[in-house]
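The next block holds one structure in the form of structure tokens; read it before the comments.
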Amino acid sequence: MSSKCRGRGMAASWYGIARTATIDRAGAWAEIDDGGTAKIVTGVTEIGEGILTVLAQIAAEELGVRPEDVTIGDNDTARSPEAAHAGATRQTYMIGNSVALACRDARVRLDSEIADHWGVDAGSLKAFNGEIWAEKTNLKMTMEEAVDICKKRGVVPVGSGSFTAHGTGLDPEDGSGSPWQAYVYGCQVAEVEVDTVTGEVQVLGIWAAHDVGRAINPRGVEGQIEGGVVQGLGQALMEDYKLEDGHTTTHGFAKYILPTSLDVPQINSILIEDPDPLSPLGAKGIGEPSLVPTAPAIMNAIYDAIGVRITSLPATPEKILAGLVAKRERQGTRRHAAE
Amino acid sequence: MPTLDMEVTVNGRDVKRRATTQMRLLDFLRNELNLTGTKEGCGAGECGTCSVFVDGKLVKSCLMPAAKANGAEIETVEGLAKRGELTYLQRAFHKTGASQCGYCIPGMVMAATGALRENPHAGFDEIKERLGGNICRCTGYSKIFEAVELARDAMNGSLPTTALEGPGAGDSFIGNNVRRLDAPSKVTGALKYAGDMVMPGMLHMQVLRSPVAYALIKSIDISEAEAMPGVECVITADDVPGEDGFGVFVHDQPIMARGRVRYVGEAVAAVAAEDVETAMAALGKIKVEYENLPAVFDPEVAMAPGAPVLHDYAPGNIVKHIPIRKGDVEEGFAEADLVVEEDYGTQAVEHAYLEPEAGLAYVDPDGVVTVVSPSQNITHHRHMLAKIIDQPINKVRFIMSPVGGGFGGKEDMIYQGMLALAAMKSGQPVRLVFTREESIVSTAKRHPARITYKMGLKNDGRITAVEFRMVADGGAYGLSTEGVMRKAAILSCGPYDIANVKIDTYGVYTNNTPSGAFRTFGAMQAQFATESHLDICAGKLGLDPFEIRRINMMRSGALTHTKQKLGSVSLGLALDAAEKASNWESGPADVRGSSRSDLGKAGNREPCTLGSRIRASDGAGGKKDVA
Amino acid sequence: MLNCDQYLMPETLEEALAQWAGAPEGSRLLAGGTDILPWAREGRAGHVHLPVIIDISRVKELRGYDVADGRVRLGANVVFQQFLTDDELRHHLPCMPHCSIWFADDQIREQATLAGNIVNASPAADGVPPVFAMNGTVEIARLEGGSIVRRSVSSRDFITGPGRTILEAGEIVTAVTCDSMAGYGGAFEKVGQRRSLVISVVCAVCLVKLSADDKTFADVRLSLGGISPVPVRLDAAEASLKGQPVSRESVLAAVKTAGDLVRSRTRREYRGEVVRGFIERAIEDALADYGVALSPPEMKEAALANT
């Protein structure tokens, strides 16, 4: 239909990983447990982003067990080491790396016993998916057997890890400083359709390219991008917490409008892996950065479609239509002036 | 309380129970039958976390009085599969990663089940429409759609059931789409969030909140409320034994208002009683005498001389000012061929996690004050609460319950202190579950910001200088404002190599709902302005949007605005990847929509026009043929 | 939170009327309940304690529908989802599937009744403009001396203002009766802040029937919601289209002054701007539903964009 105009826009972004302008730290404990299973204990985990699974993957990879064999004990200030908070796009970076370090520590204990048992160099041991073997030999056993041997030799294979990210504070006068040791970058393209009768905007496609350092679980990273994009879309087009003299007029979800399944575009994620050189895993983060470029990409696309620049969010149908009216008036004036 | 006798069939079993007339079906299922897989997200039929089948029809159980369901056959998420098993749909949700925080997921699984029961061959558009009443705040819906289509195809036999299985080990678990370990507990509704938890002897808390934006509290009389049968304790600021203050950066917020209220919805007192209704009734008996003070709602006004002062320690109402200076902006503008100025504004945004705040506190037999809540920062909460209740740190224990969405909104210790005080005062476990309205009115928002932007550029597109000023409404308390201002300032001008910048961000106290941490922590507001501004400038210079960014982007080894020397910078990779994936047609940023040839291609979704099922059943012809 | 001293579920109309007539002041009738429960919450009515709630959803006489003499009589318990799923209703009320799909969501449509939507008399009610357009009448019953007395009122007279109707004490709406619009093309347009589960800012309904040769408008029904305290039927525009050739020009001429109808206190400019294009689109979509395409419009926004 002719009253629907399409356009495209893009926006780039950057973001710092973990706490800002300060030293960040996180700790974890690991134990390679009976049956070739594992226990990981750390102070903070899942807020929905999938970190529990990511930590299990990291532990499995480092310990040589399977992710489903990993039990994560977490979330308890009286029972687990400090891992600080669940935010600041720090979970994979801070806690992931501390878990990796804890696991490596536990492996040193296990490997030294198994190497001694086999009479090989501990450096030749490899473990994956429930099995441990000595390279260039035919020595191989299950992790269950390995733990059993280790314990019969009187050693419980436990380890601990603490990971630090070195940020520095900002100078109070000129702001100079090194707030993060790892940065990520991203870029999103938005394609929109603007209904010039109603002022409604539909976002049809988003192409989101984000550097995540290293994707531990690519599907999980996509999930973070998709969620961030839709929150960005909500802020771009509809969400608006309103107050009148301090009293909200948007008490509930009938007035505070959130994106539903009918408002979301196809989201095409492109994962870029530029590994972090300062951490064991090389992974950086994606939780927050995924949201940053969405709203400006959409505003730039709206401008591309109809020539209306929205500088104040959200771009409601009312603002779009008012912008179109103003544009027509300007053009009318200009045409008149040119005559 | 008026009651009625309920006789229903729930998940195939006959159930007889007495209910009260005020129970909704949701309450009956959760409180009487302990079927907590059915969640309450909004209580107003707007979110779908409470979807259940009643006589085969999917309904929102928060909109149905329990009495209305009397005699009906009810199916909840717990009844979809046998214990220990998953339905095709649940397996598909597990496979695709369709659950994140999981709080909307039982309802979403029910809606998806309903969709495929109504139409086992439902197309993509129809699936979207049938999920239209269920909100998810985490996933962006994409993996949910994928799951429903996968389950549909597996159920119809067009895909083998092996398609529902997880990936193998391959040669590494890193870079492997290992299925989420917590998904089975979420898709079945088995996972207990704080509001689902109960303890023997548990009391229920309700909170009295300020009806005014700024006032002195002349007096609080709790005697009548305390005397009510069923009320175990009433707490106010007077019950705080230690240093009363919390906040992520500055500890300026008391557990409950102390002497002054500074925003509508601020906690003033709380009641712990044997049930929610009694606690609520007791709130009505608390008498608070307020003396209104002149309030301020606009941060620019709050910064001006003579404005009402909210906190004595901050006479100018500035929570935090972050300056960044690099080079000389005046020289930079003098050097420019083009100077563009524009103002930008962003709104306050609600986190809208589907799980409203909830918590459970108790004092354990060793005297350890324990708070179970979906807190994003148990470490810091422990530190703060220890000071507030004047206990050694190891006498305070925080347990993070499953978080039904956070996004920064659950970093603030906005209610855990009240729970701890009530547990200490009553000696019993105390639970508080926020209503949606309470969550919206009392918890932090994304900082609304006004940004003044001035950018100088050469005709070839190089940026010579940027002057950036952001004034953000921090609301009544500091919470994360300081950090948000810092991150906004550091990232403000984007990943661009600019010799001369002058950046100022100001977080300001007002009598509005407090602003706090929200996914991107100020970066979104700042970069919205930068990325809009770059396109405006690109348009004026006849440059493609990608081009202007490539001309200016930081490269490996660049100095940031805070003069940090960067290592590897991947921005170029991201620009290339997005441009290539979207098949971007280059050209100047100047309303090319009507002429570009890269629109409507792969990677887009069809515009949503409701009624796919109407069109499907109408066939191709119009009404004329039917009539 | 909604509470009551008594929750009654009568099974016959007589029982319901008797209970309603005897209910203490402040009691409420409830059908789907999808409006009253959200109403009894913070920010709206807050905690509400009612003496009696009479749930009429099990009253036998209010179920189902009949078609006779070119009219469709919809029992008060007919829910919105039926307009989507019931083939006969879709045949006779061709605008209603489109209205329904925009109304709330599948789950609420299973509970919410058209009659309840009318009784609530919200200016933004999606169900009201179609009923106005289909010459709907509202059937009302009350008890008088132990027997049921009924009266019928035009839907346009039934609603007198936002949330206000002519219903009197003891009266219950038992049915809504509309013209059978079989053979018409129907359309429903709505704009809110999103597409699903949202309150209308503006909504429009159109029903069209053409002459045998498809050249001229034989009958057009138009009405608008959201733009004024009570939804409006566009009598003048309808009259002006009848007998006119099916063309963009006829449509534009008929809707020229539609913006003047906007009498809302809020979003007045926006609503004024939207309605003309919106009615044009409703007519166009109803024609498409009928099987006839309207000629493309003269001016494209996209073409304007670069001028």
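Here, A, B, ... name the chains of the structure tokens in the order displayed, residue numbers run from 1 inside each chain, and ligands are numbered from 1 in the same displayed order.
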Residues of chain A within 6 Å of chain B, counting only C-alpha atoms, as number ranges by chain | A: 6-7, 11, 14, 47-49, 53, 57, 61, 75-78, 84-86, 174-178, 185-187, 204-205, 209, 215-217, 219, 223, 226-227, 230, 240-241, 246, 251-253, 260-261, 265-266, 288, 292, 296, 304-305, 307, 311-313
- request: Give me, as a VMD selection string, the contact residues of chain A against chain C at a cut-off of 10 Å, counting only C-alpha atoms.
  value: chain A and resid 1 to 7 195 to 202 234 237 to 239 247 to 263 303 to 308 316 to 322 324 to 325 327 to 328 331 to 332 334 to 335
Pick from C:Ala182, C:Ile108, C:Val251, C:Leu210 nearest to Val79 (chain C), counting only C-alpha atoms:
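Counting only C-alpha atoms, the residue closest to Val79 (chain C) is C:Ile108.
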Considering only helix (DSSP H, G or I) as DSSP defines it on the backbone, what residues of region 234-295 of chain A qualify? List them as a ChimeraX atom specification. /A:234-237,261-263,289-291,294-295
Check your understanding: If you run DSSP on the backbone, which residues of region 6-180 of chain A are strand (DSSP E or B), as a PyMOL selection string?
Key -> chain A and resi 6-16+23-33+37-42+70-74+76+125-128+131-134+140-142+158-166
Saved selection, atoms kept: N, CA and C atoms, as a compact mmCIF listing (two decimals), in the first residue's frame:
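What landed in selection33.txt:
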# COMPACT_ATOMS: atom_id res chain seq x y z
N ARG A 6 9.21 2.43 3.39
CA ARG A 6 10.29 1.67 4.03
C ARG A 6 11.61 2.43 4.01
N GLY A 7 12.45 2.10 4.94
CA GLY A 7 13.78 2.71 4.98
C GLY A 7 14.71 1.89 5.84
N ARG A 8 15.97 2.27 5.75
CA ARG A 8 17.00 1.56 6.52
C ARG A 8 17.90 2.54 7.24
N GLY A 9 18.38 2.10 8.37
CA GLY A 9 19.33 2.91 9.11
C GLY A 9 20.30 2.00 9.83
N MET A 10 21.39 2.59 10.26
CA MET A 10 22.36 1.79 11.01
C MET A 10 22.89 2.62 12.17
N ALA A 11 23.54 1.93 13.09
CA ALA A 11 24.23 2.61 14.18
C ALA A 11 25.31 1.68 14.69
N ALA A 12 26.37 2.28 15.17
CA ALA A 12 27.46 1.50 15.76
C ALA A 12 27.48 1.74 17.26
N SER A 13 28.31 0.99 17.96
CA SER A 13 28.33 1.13 19.42
C SER A 13 29.62 0.56 19.98
N TRP A 14 29.88 0.93 21.20
CA TRP A 14 30.97 0.30 21.96
C TRP A 14 30.55 0.17 23.39
N TYR A 15 31.30 -0.67 24.11
CA TYR A 15 30.92 -0.92 25.50
C TYR A 15 32.11 -1.50 26.24
N GLY A 16 32.17 -1.22 27.53
CA GLY A 16 33.23 -1.77 28.38
C GLY A 16 32.73 -2.97 29.14
N ILE A 23 38.85 -1.71 40.04
CA ILE A 23 39.28 -3.10 39.95
C ILE A 23 38.06 -3.98 40.17
N ASP A 24 37.87 -4.95 39.31
CA ASP A 24 36.76 -5.89 39.47
C ASP A 24 37.34 -7.26 39.80
N ARG A 25 36.60 -8.01 40.58
CA ARG A 25 37.11 -9.32 40.98
C ARG A 25 35.97 -10.31 41.17
N ALA A 26 36.31 -11.59 41.03
CA ALA A 26 35.33 -12.65 41.28
C ALA A 26 36.08 -13.92 41.65
N GLY A 27 35.44 -14.71 42.50
CA GLY A 27 36.08 -15.95 42.93
C GLY A 27 35.19 -17.16 42.70
N ALA A 28 35.83 -18.34 42.64
CA ALA A 28 35.09 -19.59 42.47
C ALA A 28 35.88 -20.74 43.05
N TRP A 29 35.17 -21.78 43.46
CA TRP A 29 35.79 -23.01 43.92
C TRP A 29 35.36 -24.13 42.97
N ALA A 30 36.25 -25.11 42.83
CA ALA A 30 35.91 -26.25 41.97
C ALA A 30 36.31 -27.55 42.66
N GLU A 31 35.53 -28.59 42.41
CA GLU A 31 35.92 -29.92 42.88
C GLU A 31 35.54 -30.94 41.81
N ILE A 32 36.52 -31.74 41.45
CA ILE A 32 36.20 -32.86 40.56
C ILE A 32 35.70 -33.96 41.49
N ASP A 33 34.47 -34.36 41.25
CA ASP A 33 33.74 -35.14 42.26
C ASP A 33 33.61 -36.60 41.82
N THR A 37 32.04 -36.44 38.09
CA THR A 37 31.19 -35.24 38.04
C THR A 37 31.99 -34.08 38.61
N ALA A 38 31.33 -32.92 38.71
CA ALA A 38 32.07 -31.77 39.23
C ALA A 38 31.14 -30.85 40.00
N LYS A 39 31.72 -30.18 40.98
CA LYS A 39 31.00 -29.14 41.72
C LYS A 39 31.72 -27.82 41.51
N ILE A 40 30.95 -26.83 41.19
CA ILE A 40 31.49 -25.49 41.05
C ILE A 40 30.72 -24.61 42.03
N VAL A 41 31.41 -23.83 42.80
CA VAL A 41 30.72 -22.94 43.75
C VAL A 41 31.20 -21.51 43.51
N THR A 42 30.24 -20.63 43.34
CA THR A 42 30.58 -19.22 43.12
C THR A 42 29.44 -18.36 43.63
N VAL A 70 28.05 -31.29 35.69
CA VAL A 70 28.52 -30.20 36.55
C VAL A 70 27.36 -29.68 37.40
N THR A 71 27.57 -29.62 38.68
CA THR A 71 26.59 -29.02 39.59
C THR A 71 27.14 -27.66 40.01
N ILE A 72 26.30 -26.64 39.83
CA ILE A 72 26.75 -25.31 40.22
C ILE A 72 26.09 -24.97 41.55
N GLY A 73 26.90 -24.76 42.56
CA GLY A 73 26.40 -24.27 43.84
C GLY A 73 26.69 -22.79 43.87
N ASP A 74 25.66 -22.02 44.12
CA ASP A 74 25.88 -20.60 43.88
C ASP A 74 24.99 -19.76 44.77
N ASP A 76 24.94 -17.69 47.35
CA ASP A 76 24.73 -17.71 48.79
C ASP A 76 25.95 -17.11 49.46
N LEU A 125 48.78 -34.92 29.90
CA LEU A 125 47.41 -35.38 30.14
C LEU A 125 46.39 -34.46 29.47
N LYS A 126 45.42 -35.08 28.87
CA LYS A 126 44.30 -34.35 28.27
C LYS A 126 43.02 -35.01 28.77
N ALA A 127 41.97 -34.21 28.94
CA ALA A 127 40.70 -34.78 29.36
C ALA A 127 39.57 -34.08 28.63
N PHE A 128 38.58 -34.85 28.23
CA PHE A 128 37.42 -34.27 27.56
C PHE A 128 36.25 -35.24 27.62
N GLU A 131 36.52 -38.43 29.80
CA GLU A 131 37.68 -39.31 29.69
C GLU A 131 38.97 -38.52 29.86
N ILE A 132 39.99 -39.22 30.37
CA ILE A 132 41.30 -38.60 30.52
C ILE A 132 42.33 -39.54 29.89
N TRP A 133 43.31 -38.96 29.21
CA TRP A 133 44.31 -39.80 28.54
C TRP A 133 45.65 -39.08 28.52
N ALA A 134 46.67 -39.87 28.31
CA ALA A 134 48.00 -39.31 28.16
C ALA A 134 48.32 -39.29 26.68
N LYS A 140 44.41 -44.46 28.89
CA LYS A 140 43.14 -43.73 28.86
C LYS A 140 42.23 -44.31 29.92
N MET A 141 41.50 -43.48 30.62
CA MET A 141 40.48 -43.98 31.55
C MET A 141 39.34 -42.96 31.64
N THR A 142 38.29 -43.40 32.32
CA THR A 142 37.19 -42.46 32.49
C THR A 142 37.53 -41.50 33.63
N VAL A 158 40.46 -30.55 44.45
CA VAL A 158 39.74 -29.29 44.57
C VAL A 158 40.63 -28.16 44.08
N GLY A 159 39.99 -27.06 43.75
CA GLY A 159 40.77 -25.91 43.32
C GLY A 159 39.99 -24.63 43.57
N SER A 160 40.67 -23.54 43.47
CA SER A 160 40.00 -22.25 43.62
C SER A 160 40.55 -21.30 42.58
N GLY A 161 39.78 -20.30 42.27
CA GLY A 161 40.23 -19.32 41.29
C GLY A 161 39.73 -17.94 41.64
N SER A 162 40.56 -16.97 41.37
CA SER A 162 40.14 -15.57 41.54
C SER A 162 40.57 -14.84 40.28
N PHE A 163 39.65 -14.12 39.70
CA PHE A 163 39.97 -13.40 38.47
C PHE A 163 39.83 -11.90 38.72
N THR A 164 40.77 -11.16 38.17
CA THR A 164 40.79 -9.71 38.37
C THR A 164 40.72 -9.01 37.03
N ALA A 165 39.94 -7.96 36.97
CA ALA A 165 39.97 -7.07 35.80
C ALA A 165 40.45 -5.71 36.29
N HIS A 166 41.47 -5.20 35.62
CA HIS A 166 42.13 -4.00 36.12
C HIS A 166 41.60 -2.75 35.43
Within 9 Å of His204 (chain B), counting only C-alpha atoms, which residues qualify if same-chain residues fewer than 2 places away don't, as a compact mmCIF listing (two decimals) with C-alpha atoms, in the first residue's frame?
# COMPACT_ATOMS: atom_id res chain seq x y z
CA MET B 202 5.60 -17.60 57.45
CA GLN B 206 2.58 -5.36 53.03
CA VAL B 271 3.27 -4.71 58.39
CA ALA B 272 3.90 -8.43 58.87
CA ALA B 273 0.74 -10.39 59.51
CA GLU B 274 -0.58 -13.91 59.28
CA ASP B 275 -2.05 -13.29 55.84
CA VAL B 276 -1.87 -10.71 53.10
CA GLU B 277 -5.40 -9.47 53.70
CA THR B 278 -4.76 -8.73 57.36
CA ALA B 279 -1.49 -7.00 56.53
CA PRO B 429 9.86 -15.93 58.50
CA VAL B 430 8.37 -13.06 56.53
CA ARG B 431 7.56 -12.95 52.84
CA LEU B 432 6.82 -9.94 50.65
CA VAL B 433 5.57 -10.19 47.08
| said: Please list as an NGL selection string every residue within 8 Å of Gly75 (chain C), counting only C-alpha atoms and excluding residues in the same chain fewer than 3 positions away. | reply: :C and (61-65 or 78 or 174-176)
Using N, CA and C atoms, can you export the residues from the last selection as a PDB file, in the first residue's frame?
ATOM      1  N   GLU C  61     -30.204 -18.575  29.131  1.00  0.00           N
ATOM      2  CA  GLU C  61     -30.881 -17.771  28.110  1.00  0.00           C
ATOM      3  C   GLU C  61     -29.954 -16.778  27.423  1.00  0.00           C
ATOM      4  N   LEU C  62     -28.801 -16.537  28.019  1.00  0.00           N
ATOM      5  CA  LEU C  62     -27.910 -15.528  27.441  1.00  0.00           C
ATOM      6  C   LEU C  62     -26.883 -16.137  26.486  1.00  0.00           C
ATOM      7  N   ARG C  63     -26.956 -17.472  26.339  1.00  0.00           N
ATOM      8  CA  ARG C  63     -25.969 -18.131  25.486  1.00  0.00           C
ATOM      9  C   ARG C  63     -26.407 -18.118  24.032  1.00  0.00           C
ATOM     10  N   GLY C  64     -25.460 -18.249  23.139  1.00  0.00           N
ATOM     11  CA  GLY C  64     -25.748 -18.538  21.735  1.00  0.00           C
ATOM     12  C   GLY C  64     -26.337 -17.374  20.965  1.00  0.00           C
ATOM     13  N   TYR C  65     -26.712 -17.670  19.730  1.00  0.00           N
ATOM     14  CA  TYR C  65     -27.255 -16.622  18.865  1.00  0.00           C
ATOM     15  C   TYR C  65     -28.297 -17.215  17.929  1.00  0.00           C
ATOM     16  N   VAL C  78     -22.296 -14.196  24.384  1.00  0.00           N
ATOM     17  CA  VAL C  78     -21.441 -14.485  23.224  1.00  0.00           C
ATOM     18  C   VAL C  78     -20.102 -13.773  23.428  1.00  0.00           C
ATOM     19  N   THR C 174     -29.555  -8.496  27.806  1.00  0.00           N
ATOM     20  CA  THR C 174     -29.702  -9.923  27.501  1.00  0.00           C
ATOM     21  C   THR C 174     -29.217 -10.280  26.109  1.00  0.00           C
ATOM     22  N   ALA C 175     -29.210  -9.308  25.209  1.00  0.00           N
ATOM     23  CA  ALA C 175     -28.790  -9.623  23.837  1.00  0.00           C
ATOM     24  C   ALA C 175     -28.435  -8.345  23.105  1.00  0.00           C
ATOM     25  N   VAL C 176     -27.659  -8.537  22.038  1.00  0.00           N
ATOM     26  CA  VAL C 176     -27.370  -7.455  21.106  1.00  0.00           C
ATOM     27  C   VAL C 176     -27.794  -7.974  19.735  1.00  0.00           C
TER      28      VAL C 176
END
message: Excluding Ser250 (chain C) and its own-chain neighbours fewer than 3 positions away, which residues fall within 12 Å of it when counting only C-alpha atoms? Please give them as a list in words.
response: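 My list of contacting residues is Lys215, Thr216, Phe217, Ala237, Glu238, Ala239, Ser240, Leu241, Lys242, Gly243, Gln244, Pro245, Val246, Ser247, Ala253, Ala254, Val255, Lys256, Glu280, Ile283, Glu284, Leu294, Ser295 and Pro297 of chain C.
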Residues just named, written with N, CA and C atoms as a PDB file, in the first residue's frame:
ATOM      1  N   LYS C 215     -19.816  -1.392  -9.874  1.00  0.00           N
ATOM      2  CA  LYS C 215     -19.384  -0.048 -10.296  1.00  0.00           C
ATOM      3  C   LYS C 215     -19.701   1.017  -9.241  1.00  0.00           C
ATOM      4  N   THR C 216     -20.789   0.819  -8.514  1.00  0.00           N
ATOM      5  CA  THR C 216     -21.171   1.855  -7.541  1.00  0.00           C
ATOM      6  C   THR C 216     -21.402   1.250  -6.156  1.00  0.00           C
ATOM      7  N   PHE C 217     -21.323   2.133  -5.166  1.00  0.00           N
ATOM      8  CA  PHE C 217     -21.578   1.710  -3.790  1.00  0.00           C
ATOM      9  C   PHE C 217     -23.080   1.523  -3.604  1.00  0.00           C
ATOM     10  N   ALA C 237     -21.185  10.584   5.711  1.00  0.00           N
ATOM     11  CA  ALA C 237     -20.247   9.980   4.775  1.00  0.00           C
ATOM     12  C   ALA C 237     -20.877   8.762   4.104  1.00  0.00           C
ATOM     13  N   GLU C 238     -21.611   7.986   4.894  1.00  0.00           N
ATOM     14  CA  GLU C 238     -22.281   6.809   4.329  1.00  0.00           C
ATOM     15  C   GLU C 238     -23.257   7.226   3.234  1.00  0.00           C
ATOM     16  N   ALA C 239     -24.065   8.250   3.561  1.00  0.00           N
ATOM     17  CA  ALA C 239     -25.088   8.706   2.618  1.00  0.00           C
ATOM     18  C   ALA C 239     -24.447   9.242   1.348  1.00  0.00           C
ATOM     19  N   SER C 240     -23.344   9.949   1.529  1.00  0.00           N
ATOM     20  CA  SER C 240     -22.730  10.568   0.357  1.00  0.00           C
ATOM     21  C   SER C 240     -22.101   9.528  -0.562  1.00  0.00           C
ATOM     22  N   LEU C 241     -21.751   8.379  -0.001  1.00  0.00           N
ATOM     23  CA  LEU C 241     -21.117   7.353  -0.848  1.00  0.00           C
ATOM     24  C   LEU C 241     -22.130   6.515  -1.614  1.00  0.00           C
ATOM     25  N   LYS C 242     -23.300   6.378  -1.038  1.00  0.00           N
ATOM     26  CA  LYS C 242     -24.300   5.515  -1.668  1.00  0.00           C
ATOM     27  C   LYS C 242     -24.612   5.989  -3.079  1.00  0.00           C
ATOM     28  N   GLY C 243     -24.505   5.062  -4.036  1.00  0.00           N
ATOM     29  CA  GLY C 243     -24.798   5.391  -5.427  1.00  0.00           C
ATOM     30  C   GLY C 243     -23.621   5.995  -6.162  1.00  0.00           C
ATOM     31  N   GLN C 244     -22.561   6.332  -5.424  1.00  0.00           N
ATOM     32  CA  GLN C 244     -21.380   6.913  -6.072  1.00  0.00           C
ATOM     33  C   GLN C 244     -20.541   5.825  -6.721  1.00  0.00           C
ATOM     34  N   PRO C 245     -19.793   6.202  -7.753  1.00  0.00           N
ATOM     35  CA  PRO C 245     -18.899   5.219  -8.374  1.00  0.00           C
ATOM     36  C   PRO C 245     -17.822   4.765  -7.386  1.00  0.00           C
ATOM     37  N   VAL C 246     -17.411   3.530  -7.539  1.00  0.00           N
ATOM     38  CA  VAL C 246     -16.354   2.993  -6.682  1.00  0.00           C
ATOM     39  C   VAL C 246     -15.031   3.567  -7.166  1.00  0.00           C
ATOM     40  N   SER C 247     -14.603   4.634  -6.532  1.00  0.00           N
ATOM     41  CA  SER C 247     -13.344   5.254  -6.956  1.00  0.00           C
ATOM     42  C   SER C 247     -12.710   5.938  -5.763  1.00  0.00           C
ATOM     43  N   ALA C 253     -13.797  12.289  -1.201  1.00  0.00           N
ATOM     44  CA  ALA C 253     -14.823  13.321  -1.024  1.00  0.00           C
ATOM     45  C   ALA C 253     -15.669  13.032   0.206  1.00  0.00           C
ATOM     46  N   ALA C 254     -15.963  11.771   0.404  1.00  0.00           N
ATOM     47  CA  ALA C 254     -16.855  11.410   1.517  1.00  0.00           C
ATOM     48  C   ALA C 254     -16.183  11.582   2.871  1.00  0.00           C
ATOM     49  N   VAL C 255     -14.860  11.420   2.913  1.00  0.00           N
ATOM     50  CA  VAL C 255     -14.198  11.442   4.222  1.00  0.00           C
ATOM     51  C   VAL C 255     -13.540  12.784   4.526  1.00  0.00           C
ATOM     52  N   LYS C 256     -13.763  13.758   3.613  1.00  0.00           N
ATOM     53  CA  LYS C 256     -13.042  15.022   3.712  1.00  0.00           C
ATOM     54  C   LYS C 256     -13.173  15.703   5.075  1.00  0.00           C
ATOM     55  N   GLU C 280     -10.499   6.075   4.972  1.00  0.00           N
ATOM     56  CA  GLU C 280     -10.181   5.720   3.590  1.00  0.00           C
ATOM     57  C   GLU C 280      -9.648   4.287   3.535  1.00  0.00           C
ATOM     58  N   ILE C 283     -12.394   1.709   4.198  1.00  0.00           N
ATOM     59  CA  ILE C 283     -13.231   1.468   3.013  1.00  0.00           C
ATOM     60  C   ILE C 283     -12.467   0.602   2.007  1.00  0.00           C
ATOM     61  N   GLU C 284     -11.218   0.942   1.835  1.00  0.00           N
ATOM     62  CA  GLU C 284     -10.391   0.205   0.887  1.00  0.00           C
ATOM     63  C   GLU C 284     -10.272  -1.273   1.289  1.00  0.00           C
ATOM     64  N   LEU C 294      -9.500  -0.945  -4.903  1.00  0.00           N
ATOM     65  CA  LEU C 294      -9.671   0.480  -5.194  1.00  0.00           C
ATOM     66  C   LEU C 294      -8.434   0.943  -5.956  1.00  0.00           C
ATOM     67  N   SER C 295      -8.649   1.904  -6.873  1.00  0.00           N
ATOM     68  CA  SER C 295      -7.501   2.404  -7.628  1.00  0.00           C
ATOM     69  C   SER C 295      -6.477   2.992  -6.675  1.00  0.00           C
ATOM     70  N   PRO C 297      -3.855   5.398  -4.751  1.00  0.00           N
ATOM     71  CA  PRO C 297      -3.965   6.826  -4.469  1.00  0.00           C
ATOM     72  C   PRO C 297      -3.026   7.621  -5.368  1.00  0.00           C
TER      73      PRO C 297
END
- Message: What's the separation between CA of Ser264 (chain C) and CA of Ile227 (chain C), in Å to one decimal place?
- Response: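 Result for CA of Ser264 (chain C) versus CA of Ile227 (chain C): 5.2 Å, one decimal.
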- request: Work out how far CA of Gly186 (chain C) is from CA of Pro94 (chain C), in Å to one decimal.
  value: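 These atoms are spaced 5.0 Å apart.
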In Å and to one decimal, CA of Met9 (chain C) is distant from CA of Arg58 (chain C) by 6.7 Å
List the neighbours of Gly226 (chain C) out to 7 Å using only C-alpha atoms; skip same-chain residues closer than 6 positions along the sequence, and give me the result as a PDB file with C-alpha atoms, in the first residue's frame.
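Result file follows (selection10.pdb):
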ATOM      1  CA  PRO C 123     -14.932   5.582  24.326  1.00  0.00           C
ATOM      2  CA  ALA C 124     -12.213   3.261  23.035  1.00  0.00           C
ATOM      3  CA  SER C 200      -7.398   1.787  20.697  1.00  0.00           C
ATOM      4  CA  VAL C 201      -6.343   5.349  20.109  1.00  0.00           C
ATOM      5  CA  VAL C 202      -8.565   5.279  17.083  1.00  0.00           C
ATOM      6  CA  CYS C 203     -10.508   2.426  15.544  1.00  0.00           C
TER       7      CYS C 203
END
